[in-house]
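Here's model.txt, which has compact mmCIF, C-alpha atoms:
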# COMPACT_ATOMS: atom_id res chain seq x y z
CA MET A 1 2.13 27.65 -7.17
CA ASP A 2 3.87 28.49 -3.88
CA LYS A 3 7.64 29.12 -3.90
CA PRO A 4 9.56 26.01 -2.70
CA VAL A 5 10.77 26.32 0.89
CA ALA A 6 14.35 25.61 1.98
CA LYS A 7 13.40 23.93 5.25
CA ILE A 8 10.52 21.73 6.29
CA GLY A 9 8.16 23.11 8.93
CA LEU A 10 5.36 21.69 11.06
CA LYS A 11 2.80 22.90 8.54
CA HIS A 12 4.22 20.41 6.02
CA GLY A 13 2.83 17.58 8.15
CA SER A 14 -0.56 19.08 8.93
CA GLY A 15 -2.55 17.48 6.11
CA GLY A 16 -3.36 20.77 4.39
CA ARG A 17 -2.23 22.60 1.30
CA ALA A 18 1.42 22.97 2.39
CA MET A 19 1.77 19.23 2.94
CA ARG A 20 0.15 18.40 -0.39
CA GLN A 21 2.51 20.83 -2.15
CA LEU A 22 5.56 19.22 -0.51
CA ILE A 23 4.41 15.74 -1.54
CA GLU A 24 3.77 16.85 -5.11
CA ASP A 25 7.13 18.65 -5.34
CA VAL A 26 9.34 16.02 -3.70
CA PHE A 27 7.81 12.60 -3.15
CA LEU A 28 5.96 12.21 -6.44
CA THR A 29 9.37 11.88 -8.08
CA LEU A 30 9.25 8.34 -6.60
CA ALA A 31 6.04 7.46 -8.43
CA SER A 32 6.05 4.69 -11.01
CA PRO A 33 3.21 3.53 -13.29
CA VAL A 34 1.13 0.71 -11.79
CA ASP A 35 -1.86 -1.28 -12.99
CA GLY A 36 -4.24 0.36 -10.57
CA ILE A 37 -3.87 3.21 -8.10
CA GLY A 38 -0.30 4.27 -7.30
CA LEU A 39 1.58 6.98 -5.48
CA SER A 40 0.66 9.70 -7.96
CA ALA A 41 -3.05 9.35 -7.09
CA LEU A 42 -2.36 10.65 -3.54
CA ASP A 43 -5.07 8.36 -2.19
CA ASP A 44 -5.16 6.59 1.19
CA GLY A 45 -3.04 3.77 -0.23
CA ALA A 46 -2.15 1.86 -3.37
CA ALA A 47 -4.28 -0.71 -5.21
CA ILE A 48 -2.48 -3.16 -7.50
CA ARG A 49 -4.37 -5.55 -9.75
CA VAL A 50 -3.81 -9.22 -8.89
CA GLY A 51 -5.84 -11.38 -11.25
CA ASP A 52 -9.45 -10.23 -10.93
CA ARG A 53 -8.91 -8.71 -7.46
CA TRP A 54 -6.99 -5.79 -5.96
CA LEU A 55 -4.13 -5.87 -3.48
CA VAL A 56 -4.52 -2.74 -1.33
CA VAL A 57 -1.48 -1.49 0.63
CA THR A 58 -1.21 1.48 2.98
CA THR A 59 1.26 2.80 5.56
CA ASP A 60 1.16 5.46 8.26
CA SER A 61 3.33 6.83 11.08
CA HIS A 62 1.92 8.01 14.40
CA VAL A 63 3.44 10.72 16.61
CA VAL A 64 0.53 11.90 18.74
CA HIS A 65 1.21 13.94 21.88
CA PRO A 66 0.27 13.04 24.59
CA ILE A 67 0.42 9.31 23.81
CA PHE A 68 -2.42 8.58 26.27
CA PHE A 69 -5.45 10.83 25.82
CA PRO A 70 -9.19 10.77 26.66
CA GLY A 71 -10.75 7.94 24.65
CA GLY A 72 -7.57 6.32 23.36
CA ASP A 73 -3.81 6.11 23.02
CA ILE A 74 -1.12 5.88 20.35
CA GLY A 75 -1.51 2.08 20.13
CA ARG A 76 -5.22 2.18 19.31
CA LEU A 77 -4.56 5.09 16.97
CA SER A 78 -1.90 3.24 15.00
CA VAL A 79 -4.00 0.14 14.34
CA SER A 80 -7.21 2.08 13.66
CA GLY A 81 -5.50 4.53 11.31
CA THR A 82 -4.14 1.81 9.06
CA VAL A 83 -7.31 -0.32 9.14
CA ASN A 84 -9.30 2.80 8.23
CA ASP A 85 -7.03 3.74 5.33
CA LEU A 86 -7.54 0.25 3.89
CA ALA A 87 -11.30 0.50 4.42
CA MET A 88 -11.49 3.88 2.67
CA MET A 89 -10.36 2.10 -0.51
CA GLY A 90 -12.98 -0.64 -0.14
CA ALA A 91 -10.65 -3.16 1.54
CA THR A 92 -12.53 -4.04 4.73
CA GLU A 93 -10.95 -7.44 5.42
CA PRO A 94 -7.26 -6.84 6.37
CA LEU A 95 -4.91 -9.74 5.68
CA GLY A 96 -2.31 -8.40 8.11
CA LEU A 97 -0.58 -5.39 9.62
CA THR A 98 3.07 -4.68 10.34
CA CYS A 99 4.29 -2.56 13.25
CA ALA A 100 7.62 -0.70 13.46
CA VAL A 101 8.41 0.95 16.80
CA VAL A 102 11.02 3.66 17.45
CA LEU A 103 11.64 4.28 21.16
CA GLU A 104 13.61 6.91 23.03
CA ASP A 105 16.25 5.78 25.51
CA GLY A 106 14.55 5.75 28.92
CA PHE A 107 10.98 5.19 27.67
CA PRO A 108 9.01 3.51 30.51
CA ARG A 109 8.49 -0.23 29.96
CA ALA A 110 5.07 -0.04 31.66
CA ASP A 111 3.91 2.53 29.09
CA LEU A 112 5.20 0.37 26.24
CA GLU A 113 3.30 -2.65 27.55
CA ARG A 114 0.15 -0.53 27.90
CA VAL A 115 0.49 0.66 24.28
CA VAL A 116 1.05 -2.88 23.00
CA ALA A 117 -1.97 -4.18 24.93
CA SER A 118 -4.09 -1.49 23.31
CA MET A 119 -2.79 -2.45 19.86
CA ARG A 120 -3.60 -6.10 20.53
CA GLU A 121 -7.15 -5.28 21.63
CA THR A 122 -7.82 -2.97 18.67
CA ALA A 123 -6.39 -5.47 16.17
CA ARG A 124 -8.73 -8.11 17.60
CA GLU A 125 -11.67 -5.70 17.34
CA ALA A 126 -10.87 -5.06 13.65
CA ASN A 127 -9.99 -8.71 12.89
CA ALA A 128 -6.65 -7.39 11.60
CA PRO A 129 -3.75 -9.62 12.69
CA ILE A 130 -0.36 -7.99 13.35
CA VAL A 131 2.02 -10.32 11.53
CA THR A 132 5.50 -8.77 11.72
CA GLY A 133 7.37 -5.77 13.06
CA ASP A 134 10.60 -4.00 13.93
CA THR A 135 12.04 -2.24 17.00
CA LYS A 136 14.64 0.54 17.18
CA VAL A 137 15.88 2.58 20.17
CA MET A 138 17.24 6.10 19.68
CA GLY A 139 19.32 8.16 22.09
CA LYS A 140 17.94 10.55 24.68
CA ASP A 141 16.24 13.53 22.97
CA GLU A 142 16.78 12.00 19.51
CA VAL A 143 13.07 11.09 19.38
CA ASP A 144 10.23 12.22 21.63
CA GLY A 145 9.14 9.07 23.48
CA ILE A 146 7.69 6.71 20.92
CA VAL A 147 6.91 6.67 17.18
CA LEU A 148 4.78 3.89 15.68
CA ASN A 149 4.56 2.98 12.00
CA THR A 150 1.93 0.53 10.81
CA THR A 151 1.45 -0.91 7.32
CA GLY A 152 -1.60 -2.85 6.21
CA VAL A 153 -2.44 -5.15 3.29
CA ALA A 154 -5.81 -6.47 2.13
CA LEU A 155 -7.54 -7.87 -0.94
CA ALA A 156 -10.62 -6.17 -2.38
CA GLU A 157 -13.12 -7.12 -5.05
CA ARG A 158 -13.63 -3.46 -5.95
CA VAL A 159 -11.55 -0.40 -5.18
CA VAL A 160 -13.16 2.86 -4.12
CA SER A 161 -10.93 5.87 -4.72
CA ASP A 162 -11.42 9.42 -3.43
CA ALA A 163 -11.87 10.77 -6.98
CA GLY A 164 -15.28 9.40 -7.96
CA LEU A 165 -17.54 12.40 -7.29
CA ARG A 166 -19.84 13.86 -9.93
CA ALA A 167 -22.48 16.60 -9.76
CA GLY A 168 -25.56 15.53 -7.79
CA ASP A 169 -23.74 13.12 -5.47
CA LEU A 170 -24.36 13.46 -1.74
CA LEU A 171 -21.68 13.38 0.95
CA ILE A 172 -22.31 11.63 4.25
CA VAL A 173 -20.25 11.96 7.42
CA THR A 174 -20.59 8.90 9.64
CA GLY A 175 -20.81 10.79 12.95
CA THR A 176 -19.91 13.85 14.99
CA ILE A 177 -16.86 15.78 13.81
CA GLY A 178 -13.81 17.19 15.63
CA ASP A 179 -13.90 14.81 18.62
CA HIS A 180 -10.33 13.47 18.34
CA GLY A 181 -8.54 16.75 17.73
CA MET A 182 -10.44 18.62 20.43
CA ALA A 183 -9.86 15.84 22.96
CA ILE A 184 -6.11 16.06 22.31
CA MET A 185 -6.11 19.84 22.54
CA SER A 186 -8.17 19.86 25.73
CA ARG A 187 -5.62 17.55 27.36
CA ARG A 188 -2.66 19.63 26.13
CA HIS A 189 -4.18 22.90 27.32
CA ASP A 190 -5.88 21.44 30.40
CA LEU A 191 -9.22 22.88 29.31
CA ARG A 192 -11.88 22.32 31.92
CA LEU A 193 -15.10 21.75 30.02
CA GLU A 194 -18.44 20.28 30.98
CA GLY A 195 -19.38 16.99 29.32
CA ASP A 196 -17.30 14.06 28.19
CA LEU A 197 -14.81 15.24 25.55
CA ARG A 198 -13.19 12.06 24.21
CA SER A 199 -11.45 10.96 21.05
CA ASP A 200 -13.50 8.95 18.56
CA VAL A 201 -10.53 6.76 17.59
CA ALA A 202 -11.84 3.38 16.33
CA PRO A 203 -11.42 0.91 13.45
CA LEU A 204 -14.08 1.58 10.82
CA ASN A 205 -13.83 -1.48 8.57
CA GLY A 206 -17.03 -3.03 9.96
CA LEU A 207 -18.97 0.19 9.47
CA VAL A 208 -17.67 0.71 5.93
CA ARG A 209 -18.48 -2.93 5.08
CA GLU A 210 -22.14 -2.21 5.89
CA ALA A 211 -22.15 0.95 3.75
CA LEU A 212 -20.70 -0.95 0.79
CA ARG A 213 -23.21 -3.77 1.18
CA ALA A 214 -26.07 -1.26 1.15
CA GLY A 215 -24.80 1.06 -1.56
CA GLY A 216 -22.79 -1.21 -3.85
CA GLU A 217 -21.50 0.60 -6.95
CA ASP A 218 -23.33 3.75 -5.83
CA VAL A 219 -20.68 4.34 -3.15
CA VAL A 220 -18.32 6.39 -5.32
CA ALA A 221 -15.69 7.92 -3.00
CA MET A 222 -14.51 7.57 0.60
CA LYS A 223 -11.96 9.26 2.85
CA ASP A 224 -11.32 9.42 6.59
CA PRO A 225 -11.05 13.05 7.73
CA THR A 226 -7.87 12.91 9.81
CA ARG A 227 -5.31 15.74 9.48
CA GLY A 228 -7.02 18.73 7.86
CA GLY A 229 -10.41 17.50 9.09
CA VAL A 230 -13.62 17.34 7.07
CA ALA A 231 -12.69 20.59 5.30
CA GLY A 232 -9.44 19.09 4.01
CA VAL A 233 -11.17 15.93 2.75
CA LEU A 234 -13.86 17.88 0.93
CA HIS A 235 -11.27 20.07 -0.79
CA GLU A 236 -9.40 16.96 -1.91
CA MET A 237 -12.55 15.28 -3.21
CA ALA A 238 -13.70 18.43 -5.00
CA ALA A 239 -10.34 18.90 -6.74
CA LYS A 240 -9.99 15.27 -7.80
CA GLY A 241 -13.62 14.94 -8.91
CA LYS A 242 -13.57 18.33 -10.67
CA VAL A 243 -16.80 19.37 -8.95
CA GLY A 244 -17.82 22.01 -6.45
CA ILE A 245 -19.09 20.99 -3.03
CA VAL A 246 -21.70 22.87 -0.98
CA ILE A 247 -21.75 22.12 2.76
CA ASP A 248 -24.99 22.53 4.70
CA GLU A 249 -23.55 24.04 7.89
CA THR A 250 -26.79 23.49 9.81
CA ALA A 251 -26.51 19.73 9.19
CA LEU A 252 -22.97 19.34 10.56
CA PRO A 253 -23.02 17.02 13.59
CA VAL A 254 -20.87 18.67 16.30
CA ARG A 255 -20.98 17.82 20.01
CA ASP A 256 -21.61 20.77 22.35
CA GLU A 257 -18.31 20.18 24.18
CA VAL A 258 -16.39 20.12 20.87
CA ARG A 259 -18.03 23.36 19.80
CA ALA A 260 -17.20 24.93 23.18
CA ALA A 261 -13.56 23.83 23.02
CA GLY A 262 -13.29 25.16 19.47
CA GLU A 263 -14.61 28.55 20.55
CA MET A 264 -12.16 28.68 23.49
CA ILE A 265 -9.07 28.02 21.36
CA GLY A 266 -10.36 29.57 18.13
CA ILE A 267 -10.42 26.48 15.90
CA ASP A 268 -13.27 25.43 13.59
CA PRO A 269 -14.30 21.77 14.16
CA LEU A 270 -14.39 21.40 10.35
CA LEU A 271 -10.56 21.70 10.38
CA VAL A 272 -9.96 19.29 13.24
CA ALA A 273 -8.78 15.67 12.92
CA ASN A 274 -11.15 12.76 13.40
CA GLU A 275 -9.94 9.18 13.93
CA GLY A 276 -13.24 7.30 13.93
CA LYS A 277 -15.22 8.93 11.13
CA ALA A 278 -15.52 8.61 7.36
CA VAL A 279 -16.79 10.88 4.61
CA ILE A 280 -18.69 8.70 2.13
CA ALA A 281 -19.91 10.01 -1.24
CA VAL A 282 -22.89 8.26 -2.80
CA ARG A 283 -25.14 8.64 -5.80
CA ALA A 284 -28.28 10.43 -4.55
CA ARG A 285 -30.50 7.40 -5.30
CA ALA A 286 -28.55 5.31 -2.75
CA ALA A 287 -28.30 7.84 0.07
CA ASP A 288 -31.27 6.57 2.12
CA LYS A 289 -30.09 2.94 1.96
CA VAL A 290 -26.52 3.81 2.93
CA LEU A 291 -27.66 6.11 5.74
CA ALA A 292 -29.92 3.40 7.16
CA ALA A 293 -27.07 0.87 7.08
CA LEU A 294 -24.68 3.28 8.77
CA ARG A 295 -27.16 4.29 11.48
CA ALA A 296 -27.80 0.64 12.31
CA HIS A 297 -24.13 0.23 13.23
CA PRO A 298 -22.90 1.39 16.68
CA LEU A 299 -20.23 3.64 15.09
CA GLY A 300 -22.64 5.25 12.61
CA ALA A 301 -25.65 6.20 14.72
CA SER A 302 -25.15 9.93 13.98
CA ALA A 303 -24.48 9.55 10.25
CA THR A 304 -25.74 12.59 8.33
CA VAL A 305 -25.79 14.00 4.81
CA ILE A 306 -23.70 17.17 5.07
CA ALA A 307 -22.97 18.26 1.50
CA THR A 308 -23.83 18.07 -2.19
CA ALA A 309 -21.55 17.98 -5.24
CA ILE A 310 -22.35 20.55 -7.92
CA ALA A 311 -21.10 21.14 -11.46
CA GLU A 312 -20.27 24.81 -10.85
CA ARG A 313 -16.95 26.07 -9.39
CA PRO A 314 -14.94 22.83 -9.74
CA GLY A 315 -12.45 22.41 -6.90
CA ALA A 316 -14.23 24.87 -4.60
CA VAL A 317 -15.88 24.11 -1.25
CA ILE A 318 -18.71 26.44 -0.29
CA LEU A 319 -20.26 26.75 3.17
CA ASP A 320 -24.02 27.41 3.20
CA THR A 321 -24.76 28.87 6.65
CA GLY A 322 -28.52 29.02 6.12
CA PHE A 323 -28.27 32.81 5.87
CA GLY A 324 -25.76 33.02 3.06
CA LYS A 325 -22.85 31.27 1.39
CA ARG A 326 -19.08 31.74 1.63
CA MET A 327 -16.01 30.02 0.26
CA LEU A 328 -14.31 27.64 2.72
CA ALA A 329 -10.52 27.92 2.46
CA GLU A 330 -8.38 24.79 2.25
CA PRO A 331 -6.49 24.13 5.53
CA GLU A 332 -2.97 25.54 5.29
CA GLY A 333 -0.92 25.77 8.48
CA GLU A 334 -0.06 23.73 11.56
CA LEU A 335 -3.26 24.23 13.56
CA LEU A 336 -2.82 20.99 15.47
CA PRO A 337 0.65 19.41 15.16
CA ARG A 338 1.27 15.87 16.43
CA ILE A 339 -2.43 15.07 16.42
CA CYS A 340 -2.24 11.57 14.96
Would you mind writing the file out in structure tokens?
Amino acid sequence: MDKPVAKIGLKHGSGGRAMRQLIEDVFLTLASPVDGIGLSALDDGAAIRVGDRWLVVTTDSHVVHPIFFPGGDIGRLSVSGTVNDLAMMGATEPLGLTCAVVLEDGFPRADLERVVASMRETAREANAPIVTGDTKVMGKDEVDGIVLNTTGVALAERVVSDAGLRAGDLLIVTGTIGDHGMAIMSRRHDLRLEGDLRSDVAPLNGLVREALRAGGEDVVAMKDPTRGGVAGVLHEMAAKGKVGIVIDETALPVRDEVRAAGEMIGIDPLLVANEGKAVIAVRARAADKVLAALRAHPLGASATVIATAIAERPGAVILDTGFGKRMLAEPEGELLPRIC
């Protein structure tokens, strides 16, 4: 175990090993037993039994920089992120969302109205009504522009956790990886690349609904690969499921412009945040049905099987390059701060 640090750094918010260690050391002291999935599970949200159904609750804060980026903005990001966290637990019909806004003194009203319009449009797209909220204004330089926090609640007939993997299961990614993180970085660094490098930010509840209809009980784990990217999600799933995971590198769907941006700034797309993709683990017998359902949806046209769970090396993620195999390290530092 790493030695506890005296001060919090950017790496403690990056979604990798340092952030997980901080949560386990500090925030899990808040955990209480629940009939269902609680804080100690470190899942996308909580699931509390209510009669024969599950009340799913999740919350997230959004601090992306810049707040307007190719393909989206902080408003679309905040609604999509919370809708997607609900969906990853099997709750694809949100009852409602809350929105808390913290603004810096001097924040342009026109930008605020643009952000709110984007939230309204995305909430309509996801059929996720925003039902209450809160507004605070901080002094100049006490907060950088705008921070959004959204909380979502939904009822589900069945909860899907991120801990259901067993040897032989297949892992599907619902589309190309790295788009969001590379779009943000290209804007920050003013990279001039050919092609259309845009964020994939989108609400996924409709797509996940189709996967669950097709796969039923054979959909055994789900996670959206935001901070820490696909690599971070696979490490989490491998550790919780006590299995190893072998990635077929040749199967990874990566856009040419994302690959080019990654090579320019030295970042592997596997480590980069996505805001419109899911990693879905299925029993092998259901993979074809789930893939067909995903590919029939506009957000899942590039869905691909990228990895297999194995009994050997529990907790490890192994990259098969086609020429050999190597261990893939869990994301650690602050590769891309303020990405979502």
Neighbour list for Glu330 (chain A) as a count of residues only, cut-off 7 Å, all atoms listed in the file, skip fewer than 6 positions in-chain
5
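With all atoms listed in the file as the atoms that count, the residue of A:Thr150, A:Phe68, A:Thr98, A:Ala156 with the shortest distance to Ala46 (chain A) is A:Ala156.
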For CA of Pro33 (chain A) and CA of Ile48 (chain A), quote the distance in Å rounded to one decimal.
10.5 Å
Could you tell me how far CA of Ile177 (chain A) sits from CA of Met264 (chain A), in Å to one decimal place?
16.8 Å
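Of note, CA of Ala238 (chain A) and CA of Ala309 (chain A) are spaced 7.9 Å apart.
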Quick one: everything within 8 Å of Ser118 (chain A), counting all atoms listed in the file, minus sequence neighbours fewer than 3 positions away in the same chain. Send it as a PyMOL selection string.
chain A and resi 73+75-76+114-115+121-122
Can you pull out the residues contacting Gly164 (chain A)? Cut-off 12 Å, using all atoms listed in the file, and skip same-chain residues under 6 positions away; I want them as a ChimeraX atom specification.
/A:43,89,170-171,217-223,236-243,280-283,309
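Among A:Leu155, A:Ala301, A:Val230, A:Val102, the residue with the shortest atom-to-atom distance to Ala278 (chain A), counting all atoms listed in the file, is A:Val230.
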Find the residues near Leu336 (chain A): any atom within 12 Å, counting only C-alpha atoms, skip ones fewer than 2 places away on the same chain, and give them as number ranges by chain.
A: 10-16, 64-65, 178, 180-186, 188, 226-229, 262, 265-269, 271-274, 331-334, 338-340
Give me the residues within 12 Å of Val5 (chain A) as a PyMOL selection string, counting all atoms listed in the file and dropping any in the same chain fewer than 3 places off.
chain A and resi 1-2+8-9+11-12+18-19+21-22+25-26
Show me as a ChimeraX atom specification the residues that reach within 10 Å of (-14.2, 8.3, 24.3), counting only C-alpha atoms and using the file's own coordinates.
/A:69-72,179-180,183,196-202
Selected residues written out, C-alpha atoms, as an mmCIF file, in the frame of the given file:
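After the write, result_30.cif holds the following:
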data_model
loop_
_atom_site.group_PDB
_atom_site.id
_atom_site.type_symbol
_atom_site.label_atom_id
_atom_site.label_comp_id
_atom_site.auth_asym_id
_atom_site.auth_seq_id
_atom_site.Cartn_x
_atom_site.Cartn_y
_atom_site.Cartn_z
ATOM 1 C CA PHE A 69 -5.450 10.830 25.820
ATOM 2 C CA PRO A 70 -9.190 10.770 26.660
ATOM 3 C CA GLY A 71 -10.750 7.940 24.650
ATOM 4 C CA GLY A 72 -7.570 6.320 23.360
ATOM 5 C CA ASP A 179 -13.900 14.810 18.620
ATOM 6 C CA HIS A 180 -10.330 13.470 18.340
ATOM 7 C CA ALA A 183 -9.860 15.840 22.960
ATOM 8 C CA ASP A 196 -17.300 14.060 28.190
ATOM 9 C CA LEU A 197 -14.810 15.240 25.550
ATOM 10 C CA ARG A 198 -13.190 12.060 24.210
ATOM 11 C CA SER A 199 -11.450 10.960 21.050
ATOM 12 C CA ASP A 200 -13.500 8.950 18.560
ATOM 13 C CA VAL A 201 -10.530 6.760 17.590
ATOM 14 C CA ALA A 202 -11.840 3.380 16.330
#
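Across A:Val233, A:Ile172, A:Leu252, A:Ile247, the tightest approach to Asp288 (chain A) is made by A:Ile172 when counting only C-alpha atoms.
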N, CA and C atoms are needed for region 12-28 of chain A; please write them out as a short mmCIF file (atom, residue, chain, number, x, y, z; two decimals), keeping the file's coordinate frame.
data_model
loop_
_atom_site.label_atom_id
_atom_site.label_comp_id
_atom_site.auth_asym_id
_atom_site.auth_seq_id
_atom_site.Cartn_x
_atom_site.Cartn_y
_atom_site.Cartn_z
N HIS A 12 4.08 21.39 7.10
CA HIS A 12 4.22 20.41 6.02
C HIS A 12 3.78 19.01 6.46
N GLY A 13 3.37 18.86 7.70
CA GLY A 13 2.83 17.58 8.15
C GLY A 13 1.41 17.70 8.65
N SER A 14 0.74 18.81 8.34
CA SER A 14 -0.56 19.08 8.93
C SER A 14 -1.73 18.54 8.12
N GLY A 15 -1.47 18.01 6.92
CA GLY A 15 -2.55 17.48 6.11
C GLY A 15 -3.23 18.50 5.23
N GLY A 16 -2.75 19.72 5.19
CA GLY A 16 -3.36 20.77 4.39
C GLY A 16 -2.61 21.02 3.09
N ARG A 17 -2.78 22.25 2.61
CA ARG A 17 -2.23 22.60 1.30
C ARG A 17 -0.71 22.54 1.26
N ALA A 18 -0.05 22.98 2.36
CA ALA A 18 1.42 22.97 2.39
C ALA A 18 1.96 21.54 2.30
N MET A 19 1.32 20.61 2.98
CA MET A 19 1.77 19.23 2.94
C MET A 19 1.56 18.63 1.55
N ARG A 20 0.41 18.92 0.95
CA ARG A 20 0.15 18.40 -0.39
C ARG A 20 1.17 18.94 -1.39
N GLN A 21 1.53 20.23 -1.24
CA GLN A 21 2.51 20.83 -2.15
C GLN A 21 3.87 20.17 -2.00
N LEU A 22 4.27 19.89 -0.74
CA LEU A 22 5.56 19.22 -0.51
C LEU A 22 5.57 17.82 -1.15
N ILE A 23 4.49 17.09 -0.96
CA ILE A 23 4.41 15.74 -1.54
C ILE A 23 4.50 15.81 -3.06
N GLU A 24 3.76 16.74 -3.65
CA GLU A 24 3.77 16.85 -5.11
C GLU A 24 5.15 17.26 -5.62
N ASP A 25 5.84 18.15 -4.88
CA ASP A 25 7.13 18.65 -5.34
C ASP A 25 8.25 17.62 -5.16
N VAL A 26 8.20 16.87 -4.07
CA VAL A 26 9.34 16.02 -3.70
C VAL A 26 9.06 14.53 -3.88
N PHE A 27 8.00 14.05 -3.22
CA PHE A 27 7.81 12.60 -3.15
C PHE A 27 7.22 12.00 -4.42
N LEU A 28 6.51 12.78 -5.21
CA LEU A 28 5.96 12.21 -6.44
C LEU A 28 7.03 11.87 -7.46
#
